[in-house]
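Below is start_31.txt, holding compact mmCIF, N, CA and C atoms.
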# COMPACT_ATOMS: atom_id res chain seq x y z
N MET A 3 15.20 -48.91 -20.94
CA MET A 3 15.23 -47.48 -20.74
C MET A 3 15.12 -47.16 -19.26
N LYS A 4 16.01 -46.34 -18.76
CA LYS A 4 16.08 -46.02 -17.34
C LYS A 4 15.11 -44.88 -17.01
N ASP A 5 14.39 -45.03 -15.89
CA ASP A 5 13.45 -44.00 -15.43
C ASP A 5 14.22 -42.97 -14.60
N ASN A 6 14.27 -41.74 -15.05
CA ASN A 6 15.01 -40.67 -14.36
C ASN A 6 14.12 -39.83 -13.45
N SER A 7 12.88 -40.23 -13.26
CA SER A 7 11.96 -39.39 -12.49
C SER A 7 12.41 -39.24 -11.04
N ASP A 8 12.98 -40.31 -10.44
CA ASP A 8 13.46 -40.21 -9.06
C ASP A 8 14.62 -39.23 -8.95
N GLU A 9 15.54 -39.28 -9.92
CA GLU A 9 16.68 -38.36 -9.91
C GLU A 9 16.21 -36.92 -10.10
N MET A 10 15.25 -36.74 -11.01
CA MET A 10 14.73 -35.39 -11.26
C MET A 10 14.03 -34.84 -10.02
N GLU A 11 13.31 -35.72 -9.32
CA GLU A 11 12.61 -35.30 -8.11
C GLU A 11 13.60 -34.86 -7.03
N VAL A 12 14.68 -35.63 -6.86
CA VAL A 12 15.72 -35.28 -5.89
C VAL A 12 16.38 -33.97 -6.28
N ASP A 13 16.70 -33.82 -7.58
CA ASP A 13 17.31 -32.58 -8.04
C ASP A 13 16.41 -31.38 -7.79
N MET A 14 15.10 -31.56 -8.02
CA MET A 14 14.15 -30.47 -7.79
C MET A 14 14.10 -30.10 -6.31
N GLU A 15 14.05 -31.09 -5.44
CA GLU A 15 14.04 -30.83 -4.01
C GLU A 15 15.31 -30.12 -3.57
N THR A 16 16.45 -30.59 -4.08
CA THR A 16 17.74 -29.96 -3.76
C THR A 16 17.75 -28.52 -4.23
N SER A 17 17.25 -28.29 -5.43
CA SER A 17 17.20 -26.94 -5.99
C SER A 17 16.33 -26.02 -5.14
N ILE A 18 15.19 -26.52 -4.70
CA ILE A 18 14.29 -25.72 -3.87
C ILE A 18 14.96 -25.37 -2.55
N VAL A 19 15.59 -26.35 -1.91
CA VAL A 19 16.27 -26.11 -0.63
C VAL A 19 17.39 -25.09 -0.81
N GLN A 20 18.18 -25.24 -1.87
CA GLN A 20 19.28 -24.30 -2.11
C GLN A 20 18.76 -22.89 -2.36
N THR A 21 17.67 -22.78 -3.09
CA THR A 21 17.07 -21.46 -3.35
C THR A 21 16.58 -20.83 -2.05
N GLN A 22 15.92 -21.62 -1.22
CA GLN A 22 15.44 -21.11 0.06
C GLN A 22 16.60 -20.66 0.94
N GLU A 23 17.68 -21.43 0.96
CA GLU A 23 18.85 -21.06 1.75
C GLU A 23 19.47 -19.76 1.22
N ALA A 24 19.55 -19.63 -0.09
CA ALA A 24 20.12 -18.41 -0.69
C ALA A 24 19.26 -17.20 -0.36
N LEU A 25 17.95 -17.36 -0.42
CA LEU A 25 17.06 -16.25 -0.08
C LEU A 25 17.19 -15.87 1.38
N THR A 26 17.33 -16.86 2.25
CA THR A 26 17.50 -16.59 3.68
C THR A 26 18.79 -15.83 3.92
N CYS A 27 19.88 -16.25 3.27
CA CYS A 27 21.16 -15.54 3.42
C CYS A 27 21.05 -14.11 2.91
N THR A 28 20.40 -13.93 1.76
CA THR A 28 20.25 -12.59 1.19
C THR A 28 19.46 -11.71 2.14
N ARG A 29 18.38 -12.25 2.70
CA ARG A 29 17.57 -11.47 3.64
C ARG A 29 18.40 -11.06 4.86
N LYS A 30 19.24 -11.99 5.36
CA LYS A 30 20.05 -11.68 6.53
C LYS A 30 21.08 -10.61 6.22
N LEU A 31 21.69 -10.68 5.03
CA LEU A 31 22.70 -9.70 4.66
C LEU A 31 22.11 -8.32 4.42
N ASN A 32 20.96 -8.28 3.78
CA ASN A 32 20.35 -7.00 3.41
C ASN A 32 19.14 -6.68 4.29
N SER A 33 19.14 -7.15 5.50
CA SER A 33 17.90 -7.01 6.26
C SER A 33 17.88 -5.76 7.12
N THR A 34 17.25 -4.77 6.58
CA THR A 34 16.81 -3.65 7.38
C THR A 34 15.33 -3.90 7.55
N PRO A 35 14.87 -4.07 8.76
CA PRO A 35 13.46 -4.40 8.92
C PRO A 35 12.58 -3.30 8.32
N PRO A 36 11.51 -3.69 7.63
CA PRO A 36 10.64 -2.67 7.05
C PRO A 36 9.94 -1.86 8.13
N ILE A 37 9.66 -0.64 7.80
CA ILE A 37 8.90 0.23 8.70
C ILE A 37 7.43 -0.04 8.44
N GLU A 38 6.68 -0.24 9.49
CA GLU A 38 5.25 -0.52 9.34
C GLU A 38 4.46 0.70 9.78
N ILE A 39 3.60 1.16 8.89
CA ILE A 39 2.78 2.34 9.15
C ILE A 39 1.32 1.92 9.08
N ALA A 40 0.57 2.17 10.15
CA ALA A 40 -0.83 1.76 10.20
C ALA A 40 -1.74 2.98 10.26
N PHE A 41 -2.83 2.89 9.54
CA PHE A 41 -3.84 3.95 9.54
C PHE A 41 -5.11 3.37 10.15
N SER A 42 -5.59 4.02 11.18
CA SER A 42 -6.74 3.50 11.93
C SER A 42 -8.05 3.72 11.18
N ALA A 43 -9.09 3.11 11.72
CA ALA A 43 -10.44 3.34 11.19
C ALA A 43 -10.76 4.81 11.38
N SER A 44 -11.30 5.43 10.35
CA SER A 44 -11.50 6.87 10.44
C SER A 44 -12.78 7.35 9.78
N ALA A 45 -13.49 6.45 9.13
CA ALA A 45 -14.72 6.81 8.41
C ALA A 45 -14.46 7.98 7.49
N GLY A 46 -15.27 9.02 7.56
CA GLY A 46 -15.13 10.17 6.68
C GLY A 46 -13.93 11.03 6.96
N MET A 47 -13.29 10.80 8.08
CA MET A 47 -12.12 11.60 8.43
C MET A 47 -10.85 11.07 7.76
N PHE A 48 -11.01 10.10 6.86
CA PHE A 48 -9.85 9.55 6.18
C PHE A 48 -9.11 10.63 5.39
N VAL A 49 -9.78 11.73 5.08
CA VAL A 49 -9.12 12.79 4.32
C VAL A 49 -7.96 13.38 5.11
N TYR A 50 -8.05 13.40 6.42
CA TYR A 50 -6.91 13.86 7.23
C TYR A 50 -5.74 12.90 7.06
N GLN A 51 -6.05 11.60 7.05
CA GLN A 51 -5.00 10.60 6.85
C GLN A 51 -4.40 10.72 5.44
N MET A 52 -5.21 11.11 4.47
CA MET A 52 -4.68 11.32 3.13
C MET A 52 -3.70 12.48 3.13
N GLY A 53 -3.96 13.49 3.94
CA GLY A 53 -3.01 14.60 4.08
C GLY A 53 -1.69 14.12 4.65
N VAL A 54 -1.76 13.25 5.65
CA VAL A 54 -0.54 12.67 6.23
C VAL A 54 0.19 11.84 5.17
N ALA A 55 -0.56 11.05 4.42
CA ALA A 55 0.05 10.21 3.38
C ALA A 55 0.71 11.07 2.30
N ALA A 56 0.08 12.17 1.93
CA ALA A 56 0.68 13.07 0.93
C ALA A 56 1.99 13.64 1.46
N PHE A 57 2.01 14.01 2.73
CA PHE A 57 3.24 14.52 3.35
C PHE A 57 4.33 13.44 3.33
N LEU A 58 3.96 12.21 3.68
CA LEU A 58 4.93 11.12 3.68
C LEU A 58 5.50 10.90 2.27
N GLN A 59 4.63 10.90 1.26
CA GLN A 59 5.11 10.72 -0.11
C GLN A 59 6.03 11.85 -0.55
N ASP A 60 5.73 13.06 -0.11
CA ASP A 60 6.53 14.22 -0.52
C ASP A 60 7.88 14.29 0.17
N HIS A 61 7.99 13.73 1.38
CA HIS A 61 9.19 13.97 2.18
C HIS A 61 10.02 12.73 2.54
N PHE A 62 9.52 11.53 2.24
CA PHE A 62 10.23 10.33 2.67
C PHE A 62 10.29 9.29 1.55
N ASN A 63 11.33 8.45 1.61
CA ASN A 63 11.43 7.28 0.74
C ASN A 63 10.64 6.17 1.42
N LEU A 64 9.58 5.73 0.80
CA LEU A 64 8.68 4.74 1.41
C LEU A 64 8.90 3.33 0.86
N SER A 65 10.02 3.12 0.18
CA SER A 65 10.25 1.82 -0.46
C SER A 65 10.45 0.68 0.53
N ASN A 66 10.84 0.97 1.76
CA ASN A 66 11.04 -0.08 2.76
C ASN A 66 9.94 -0.03 3.82
N CYS A 67 8.73 0.29 3.38
CA CYS A 67 7.61 0.41 4.32
C CYS A 67 6.51 -0.58 3.97
N ARG A 68 5.81 -0.98 5.00
CA ARG A 68 4.59 -1.78 4.84
C ARG A 68 3.45 -0.93 5.39
N PHE A 69 2.31 -1.02 4.74
CA PHE A 69 1.18 -0.18 5.12
C PHE A 69 -0.01 -1.03 5.50
N LEU A 70 -0.66 -0.63 6.57
CA LEU A 70 -1.84 -1.32 7.07
C LEU A 70 -2.94 -0.29 7.26
N GLY A 71 -4.18 -0.71 7.11
CA GLY A 71 -5.26 0.22 7.33
C GLY A 71 -6.56 -0.49 7.60
N CYS A 72 -7.43 0.19 8.31
CA CYS A 72 -8.75 -0.34 8.62
C CYS A 72 -9.78 0.72 8.24
N SER A 73 -10.84 0.32 7.61
CA SER A 73 -11.93 1.22 7.22
C SER A 73 -11.38 2.34 6.34
N GLY A 74 -11.59 3.59 6.71
CA GLY A 74 -11.07 4.70 5.92
C GLY A 74 -9.55 4.65 5.78
N GLY A 75 -8.88 4.15 6.80
CA GLY A 75 -7.43 4.03 6.76
C GLY A 75 -6.93 3.05 5.71
N SER A 76 -7.79 2.10 5.32
CA SER A 76 -7.38 1.14 4.29
C SER A 76 -7.26 1.81 2.93
N TRP A 77 -8.04 2.85 2.69
CA TRP A 77 -7.90 3.61 1.43
C TRP A 77 -6.50 4.20 1.35
N VAL A 78 -6.10 4.83 2.43
CA VAL A 78 -4.80 5.50 2.47
C VAL A 78 -3.67 4.48 2.37
N ALA A 79 -3.78 3.39 3.12
CA ALA A 79 -2.75 2.35 3.08
C ALA A 79 -2.63 1.75 1.68
N THR A 80 -3.75 1.57 1.01
CA THR A 80 -3.73 1.02 -0.34
C THR A 80 -3.04 1.96 -1.31
N LEU A 81 -3.34 3.25 -1.21
CA LEU A 81 -2.68 4.22 -2.09
C LEU A 81 -1.17 4.21 -1.89
N LEU A 82 -0.73 4.18 -0.64
CA LEU A 82 0.71 4.18 -0.37
C LEU A 82 1.36 2.87 -0.81
N ALA A 83 0.72 1.76 -0.51
CA ALA A 83 1.30 0.45 -0.86
C ALA A 83 1.40 0.28 -2.37
N SER A 84 0.48 0.86 -3.11
CA SER A 84 0.50 0.73 -4.57
C SER A 84 1.29 1.85 -5.24
N GLU A 85 1.91 2.69 -4.41
CA GLU A 85 2.71 3.82 -4.90
C GLU A 85 1.91 4.75 -5.81
N THR A 86 0.63 4.88 -5.51
CA THR A 86 -0.24 5.80 -6.23
C THR A 86 -0.11 7.18 -5.61
N SER A 87 -0.04 8.19 -6.42
CA SER A 87 0.06 9.55 -5.91
C SER A 87 -1.22 9.90 -5.14
N VAL A 88 -1.06 10.22 -3.87
CA VAL A 88 -2.21 10.58 -3.04
C VAL A 88 -2.85 11.86 -3.58
N ARG A 89 -2.04 12.78 -4.01
CA ARG A 89 -2.58 14.04 -4.55
C ARG A 89 -3.40 13.79 -5.82
N GLU A 90 -2.93 12.91 -6.67
CA GLU A 90 -3.67 12.58 -7.89
C GLU A 90 -4.97 11.85 -7.55
N ALA A 91 -4.91 10.92 -6.61
CA ALA A 91 -6.11 10.20 -6.17
C ALA A 91 -7.13 11.18 -5.60
N TRP A 92 -6.66 12.14 -4.82
CA TRP A 92 -7.56 13.13 -4.24
C TRP A 92 -8.20 13.99 -5.32
N ARG A 93 -7.44 14.32 -6.35
CA ARG A 93 -7.99 15.10 -7.46
C ARG A 93 -9.12 14.33 -8.13
N VAL A 94 -8.91 13.04 -8.35
CA VAL A 94 -9.93 12.20 -8.98
C VAL A 94 -11.16 12.08 -8.08
N ILE A 95 -10.95 11.90 -6.79
CA ILE A 95 -12.07 11.80 -5.84
C ILE A 95 -12.92 13.07 -5.89
N LYS A 96 -12.26 14.22 -5.84
CA LYS A 96 -13.00 15.49 -5.88
C LYS A 96 -13.74 15.66 -7.20
N GLU A 97 -13.11 15.27 -8.29
CA GLU A 97 -13.73 15.39 -9.61
C GLU A 97 -14.99 14.51 -9.68
N MET A 98 -14.88 13.27 -9.21
CA MET A 98 -16.02 12.36 -9.22
C MET A 98 -17.11 12.84 -8.26
N GLN A 99 -16.71 13.37 -7.12
CA GLN A 99 -17.67 13.89 -6.14
C GLN A 99 -18.50 15.01 -6.76
N ALA A 100 -17.86 15.89 -7.51
CA ALA A 100 -18.57 17.01 -8.14
C ALA A 100 -19.58 16.50 -9.17
N LYS A 101 -19.26 15.41 -9.85
CA LYS A 101 -20.17 14.85 -10.85
C LYS A 101 -21.34 14.11 -10.20
N ILE A 102 -21.06 13.43 -9.11
CA ILE A 102 -22.07 12.58 -8.47
C ILE A 102 -22.99 13.37 -7.55
N ILE A 103 -22.41 14.26 -6.76
CA ILE A 103 -23.18 15.01 -5.78
C ILE A 103 -23.47 16.38 -6.35
N THR A 104 -24.63 16.49 -6.99
CA THR A 104 -24.98 17.75 -7.65
C THR A 104 -25.71 18.71 -6.73
N SER A 105 -26.27 18.20 -5.66
CA SER A 105 -26.99 19.05 -4.72
C SER A 105 -26.38 18.90 -3.33
N PRO A 106 -25.35 19.68 -3.03
CA PRO A 106 -24.66 19.50 -1.75
C PRO A 106 -25.45 19.98 -0.53
N LYS A 107 -26.68 20.44 -0.72
CA LYS A 107 -27.48 20.89 0.43
C LYS A 107 -27.64 19.78 1.46
N TRP A 108 -27.84 18.56 0.98
CA TRP A 108 -28.05 17.44 1.89
C TRP A 108 -26.74 16.80 2.32
N TYR A 109 -25.66 17.21 1.68
CA TYR A 109 -24.39 16.52 1.88
C TYR A 109 -23.37 17.47 2.49
N SER A 110 -22.90 17.16 3.66
CA SER A 110 -21.93 18.05 4.31
C SER A 110 -20.60 17.35 4.59
N GLY A 111 -20.39 16.20 4.01
CA GLY A 111 -19.22 15.38 4.31
C GLY A 111 -17.89 15.90 3.82
N TYR A 112 -17.31 15.21 2.86
CA TYR A 112 -15.93 15.44 2.47
C TYR A 112 -15.66 16.82 1.89
N CYS A 113 -16.71 17.48 1.38
CA CYS A 113 -16.46 18.80 0.79
C CYS A 113 -15.93 19.78 1.83
N LEU A 114 -16.24 19.55 3.10
CA LEU A 114 -15.72 20.42 4.16
C LEU A 114 -14.21 20.28 4.31
N TYR A 115 -13.68 19.13 3.92
CA TYR A 115 -12.27 18.83 4.13
C TYR A 115 -11.47 18.84 2.84
N ALA A 116 -12.05 19.37 1.79
CA ALA A 116 -11.47 19.24 0.45
C ALA A 116 -10.09 19.88 0.31
N THR A 117 -9.73 20.79 1.17
CA THR A 117 -8.45 21.48 1.01
C THR A 117 -7.33 20.83 1.81
N ILE A 118 -7.60 19.78 2.52
CA ILE A 118 -6.58 19.17 3.38
C ILE A 118 -5.40 18.63 2.57
N VAL A 119 -5.67 17.96 1.46
CA VAL A 119 -4.61 17.34 0.68
C VAL A 119 -4.01 18.30 -0.32
N GLU A 120 -4.74 19.31 -0.71
CA GLU A 120 -4.27 20.23 -1.74
C GLU A 120 -3.09 21.05 -1.31

Turn the structure described in the file into structure tokens.
Amino acid sequence: MKDNSDEMEVDMETSIVQTQEALTCTRKLNSTPPIEIAFSASAGMFVYQMGVAAFLQDHFNLSNCRFLGCSGGSWVATLLASETSVREAWRVIKEMQAKIITSPKWYSGYCLYATIVE
């Protein structure tokens, strides 16, 4: 009985190389470089960036974009990268905030900016 493992290994390597070459050719033919959008560290001011993200979702096709973010900006970048509606996320954030923060006397943070995304 003949051992075909060497032939199978060569075929597998050939197949991998051919696939990589095909992907490279496809990328070259269809290569419009993606647009990269970065959101800086913003702490509690990320709500302003959420307003920008909502505008981008409403007015632009973001399918060829990459998103980066640091600190508060990572929230916004994650929402855009996952194609989550920023407006819907903001609605949920406000709803949860109202349930969690029952005494806003001590809390002056995001409630001041609640209308930015709306």

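For region 33-45 of chain A, the residues within 6 Å (counting only N, CA and C atoms, excluding itself and residues fewer than 6 positions away along the chain) are Asn66, Cys67, Arg68, Phe69, Leu70, Gly71, Cys72, Ser73, Gly74, Gly75 and Ser76 of chain A.
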
Just the residues within 8 Å of Ala55 (chain A), please, counting all atoms listed in the file, with nothing from its chain fewer than 4 positions along; format it as a PDB file with N, CA and C atoms, keeping the file's coordinate frame.
ATOM      1  N   VAL A  49      -9.780  11.730   5.080  1.00  0.00           N
ATOM      2  CA  VAL A  49      -9.120  12.790   4.320  1.00  0.00           C
ATOM      3  C   VAL A  49      -7.960  13.380   5.110  1.00  0.00           C
ATOM      4  N   TYR A  50      -8.050  13.400   6.420  1.00  0.00           N
ATOM      5  CA  TYR A  50      -6.910  13.860   7.230  1.00  0.00           C
ATOM      6  C   TYR A  50      -5.740  12.900   7.060  1.00  0.00           C
ATOM      7  N   GLN A  51      -6.050  11.600   7.050  1.00  0.00           N
ATOM      8  CA  GLN A  51      -5.000  10.600   6.850  1.00  0.00           C
ATOM      9  C   GLN A  51      -4.400  10.720   5.440  1.00  0.00           C
ATOM     10  N   GLN A  59       4.630  10.900   1.260  1.00  0.00           N
ATOM     11  CA  GLN A  59       5.110  10.720  -0.110  1.00  0.00           C
ATOM     12  C   GLN A  59       6.030  11.850  -0.550  1.00  0.00           C
ATOM     13  N   ASP A  60       5.730  13.060  -0.110  1.00  0.00           N
ATOM     14  CA  ASP A  60       6.530  14.220  -0.520  1.00  0.00           C
ATOM     15  C   ASP A  60       7.880  14.290   0.170  1.00  0.00           C
ATOM     16  N   HIS A  61       7.990  13.730   1.380  1.00  0.00           N
ATOM     17  CA  HIS A  61       9.190  13.970   2.180  1.00  0.00           C
ATOM     18  C   HIS A  61      10.020  12.730   2.540  1.00  0.00           C
ATOM     19  N   VAL A  78      -6.100   4.830   2.430  1.00  0.00           N
ATOM     20  CA  VAL A  78      -4.800   5.500   2.470  1.00  0.00           C
ATOM     21  C   VAL A  78      -3.670   4.480   2.370  1.00  0.00           C
ATOM     22  N   ALA A  79      -3.780   3.390   3.120  1.00  0.00           N
ATOM     23  CA  ALA A  79      -2.750   2.350   3.080  1.00  0.00           C
ATOM     24  C   ALA A  79      -2.630   1.750   1.680  1.00  0.00           C
ATOM     25  N   LEU A  82      -0.730   4.180  -0.640  1.00  0.00           N
ATOM     26  CA  LEU A  82       0.710   4.180  -0.370  1.00  0.00           C
ATOM     27  C   LEU A  82       1.360   2.870  -0.810  1.00  0.00           C
ATOM     28  N   SER A  87      -0.040   8.190  -6.420  1.00  0.00           N
ATOM     29  CA  SER A  87       0.060   9.550  -5.910  1.00  0.00           C
ATOM     30  C   SER A  87      -1.220   9.900  -5.140  1.00  0.00           C
ATOM     31  N   VAL A  88      -1.060  10.220  -3.870  1.00  0.00           N
ATOM     32  CA  VAL A  88      -2.210  10.580  -3.040  1.00  0.00           C
ATOM     33  C   VAL A  88      -2.850  11.860  -3.580  1.00  0.00           C
ATOM     34  N   ARG A  89      -2.040  12.780  -4.010  1.00  0.00           N
ATOM     35  CA  ARG A  89      -2.580  14.040  -4.550  1.00  0.00           C
ATOM     36  C   ARG A  89      -3.400  13.790  -5.820  1.00  0.00           C
TER      37      ARG A  89
END

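Atom C of Ile103 (chain A) sits 29.1 Å away from CA of Glu85 (chain A).
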
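The gap separating CA of Gly46 (chain A) from atom C of Thr80 (chain A) is 16.7 Å, in Å to one decimal.
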
From a DSSP pass on the backbone, collect the residues of region 63-101 of chain A flagged as alpha helix (DSSP H) and hand them back as number ranges by chain. A: 74-83, 88-101
